[in-house]
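All remarks here apply to the structure that follows.
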Amino acid sequence: MTRPILLAVATLVLLGLGGCAPSVKVITDRDPGVNLSAYRTFAWVGEHPLIAVRGVQTPSPLLEGRIMRAVRSNLEERGYRYSENNPDFAIAFTVGSREEIQVDSYPSSYRGTWGWAGTRRYYGSGFATDTTVRQYTVGVLAIDIFDVATKSPVWHGMGEKNITTSDLEDRGALITLAVDSILAEFP
């Protein structure tokens, strides 16, 4: 194969493999009047940065520490420094989940019989509808950044993912995936 063909094939293979990776849908918002690239140091909004949401089942108390470690690790790997003394920005986060139901209907052919006793005839030109119902859980993590000097929110990132059985078996990997996906959008 020639070099351009090899490059095209390699690109298609990598794109195909990327499509198999579990994904987190990320949405962000920011204050356009704030220069986020000037930030260098961070801290938590308080001793417990997990913001409680009324009406939502209380998450595991272990979850807060896991998210704090993942956020801190991500930011420090990118050159930010944790400092409780006069940080540039403070971080809070919210977690939640919701149950979703997916209903799919699609046509399927059917074949039946009609007729009187002993004189059965078959027909097969009709269609029926098959319906499948699937219930699943969507997990949500929101990370909020506040300017310490103005005490104002300046950046919001939210990620959501359909939670699988393997996600529940390795919650650390799920949290790291979600945090890394969300903070990839933070400058």
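Residues in the structure tokens are named by chain (A, B, ... in the order shown) and by number from 1 within that chain; ligands are numbered from 1 in the order shown.
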Would you mind listing what lies within 8 Å of Asp31 in chain A as a ChimeraX atom specification, with only C-alpha atoms counted and same-chain residues fewer than 6 positions away left out?
/A:153-155
Could you check the closest approach to Arg40 in chain A for each of A:Thr137, A:Glu169, A:Pro187, A:Ser152 and tell me which residue wins, using only C-alpha atoms?
A:Pro187
What gap, in Å, lies between CA of Val71 in chain A and CA of Ser23 in chain A?
18.0 Å
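Here CA of Phe89 in chain A and CA of Phe146 in chain A stand 5.4 Å from one another.
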I need the residues of range 18-106 of chain A that end up classed as helix (DSSP H, G or I) by DSSP on the backbone, written out as a PyMOL selection string.
chain A and resi 18-20+36-38+61-77
Quick one: everything within 10 Å of Ser181 in chain A, counting only C-alpha atoms, minus sequence neighbours fewer than 2 positions away in the same chain. Send it as a tab-separated table (two decimals) with C-alpha atoms, in the first residue's frame.
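Just written: part-v8.tsv:
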```tsv
chain	number	residue	atom	x	y	z
A	23	SER	CA	-18.27	8.69	26.31
A	24	VAL	CA	-19.41	11.49	28.55
A	25	LYS	CA	-21.61	14.14	27.00
A	26	VAL	CA	-20.21	17.49	28.19
A	157	GLY	CA	-19.10	22.15	33.25
A	158	MET	CA	-21.61	19.32	33.28
A	159	GLY	CA	-21.13	15.77	32.07
A	160	GLU	CA	-23.62	12.96	31.77
A	175	ILE	CA	-15.23	9.34	38.09
A	176	THR	CA	-11.85	9.89	36.41
A	177	LEU	CA	-13.48	9.62	32.97
A	178	ALA	CA	-16.19	12.12	33.89
A	179	VAL	CA	-13.83	14.62	35.58
A	183	LEU	CA	-12.25	19.64	32.74
A	184	ALA	CA	-10.88	19.13	29.22
A	185	GLU	CA	-13.11	22.09	28.38
A	186	PHE	CA	-11.59	24.28	31.14
```
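For the choices A:Lys151, A:Arg66, A:Arg171, A:Arg134, the atom-to-atom distance to Ile91 in chain A is smallest for A:Lys151 when using only C-alpha atoms.
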In Å and to one decimal, CA of Asp130 in chain A is distant from CA of Ile101 in chain A by 16.4 Å
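If only C-alpha atoms are the atoms counted, then among A:Asn74, A:Pro61, A:Tyr80, A:Asp88 the closest residue to Asp147 in chain A is A:Asp88.
Between Phe42 in chain A and the residues A:Asp180, A:Glu76, A:Glu99, A:Asp170, the shortest atom-to-atom distance, using only C-alpha atoms, involves A:Glu76.
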Report the residues of range 29-95 of chain A whose backbone DSSP state falls under strand (DSSP E or B), written as a compact mmCIF listing (two decimals) with N, CA, C and O atoms, in the first residue's frame.
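Resulting contents of part-v1.txt:
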```
# COMPACT_ATOMS: atom_id res chain seq x y z
N ASP A 29 -20.38 26.25 30.23
CA ASP A 29 -20.80 27.65 30.16
C ASP A 29 -19.75 28.46 30.90
O ASP A 29 -19.12 27.94 31.83
N ARG A 30 -19.55 29.70 30.49
CA ARG A 30 -18.54 30.52 31.14
C ARG A 30 -18.92 31.98 31.08
O ARG A 30 -19.72 32.39 30.24
N THR A 41 -3.98 29.19 40.74
CA THR A 41 -4.15 28.43 41.99
C THR A 41 -5.62 28.20 42.28
O THR A 41 -6.49 28.99 41.89
N PHE A 42 -5.90 27.11 42.99
CA PHE A 42 -7.29 26.75 43.30
C PHE A 42 -7.41 26.17 44.70
O PHE A 42 -6.43 25.76 45.31
N ALA A 43 -8.64 26.15 45.17
CA ALA A 43 -8.99 25.53 46.45
C ALA A 43 -10.44 25.06 46.32
O ALA A 43 -11.08 25.24 45.28
N TRP A 44 -10.95 24.46 47.38
CA TRP A 44 -12.35 24.04 47.41
C TRP A 44 -13.19 25.17 47.99
O TRP A 44 -12.68 26.00 48.73
N LEU A 50 -19.05 19.14 47.86
CA LEU A 50 -20.21 18.51 47.24
C LEU A 50 -21.45 19.29 47.65
O LEU A 50 -21.77 19.38 48.84
N ARG A 81 -2.05 24.86 40.74
CA ARG A 81 -1.51 24.52 42.05
C ARG A 81 -2.60 24.69 43.11
O ARG A 81 -3.29 25.70 43.14
N TYR A 82 -2.73 23.68 43.97
CA TYR A 82 -3.68 23.75 45.07
C TYR A 82 -3.11 24.64 46.15
O TYR A 82 -1.97 24.49 46.58
N PHE A 89 -9.18 30.66 42.19
CA PHE A 89 -10.55 30.15 42.02
C PHE A 89 -10.85 29.03 43.00
O PHE A 89 -9.94 28.39 43.52
N ALA A 90 -12.16 28.86 43.25
CA ALA A 90 -12.63 27.81 44.16
C ALA A 90 -13.56 26.89 43.38
O ALA A 90 -14.24 27.31 42.45
N ILE A 91 -13.60 25.63 43.82
CA ILE A 91 -14.35 24.59 43.09
C ILE A 91 -15.42 23.98 43.98
O ILE A 91 -15.18 23.68 45.14
N ALA A 92 -16.58 23.77 43.38
CA ALA A 92 -17.68 23.00 43.99
C ALA A 92 -18.18 22.03 42.94
O ALA A 92 -17.95 22.22 41.74
N PHE A 93 -18.88 20.99 43.36
CA PHE A 93 -19.45 20.06 42.39
C PHE A 93 -20.75 19.47 42.91
O PHE A 93 -21.03 19.48 44.11
N THR A 94 -21.54 19.01 41.97
CA THR A 94 -22.84 18.40 42.26
C THR A 94 -22.92 17.08 41.51
O THR A 94 -22.44 16.98 40.38
N VAL A 95 -23.51 16.07 42.13
CA VAL A 95 -23.71 14.79 41.47
C VAL A 95 -25.19 14.43 41.51
O VAL A 95 -25.93 14.90 42.37
```
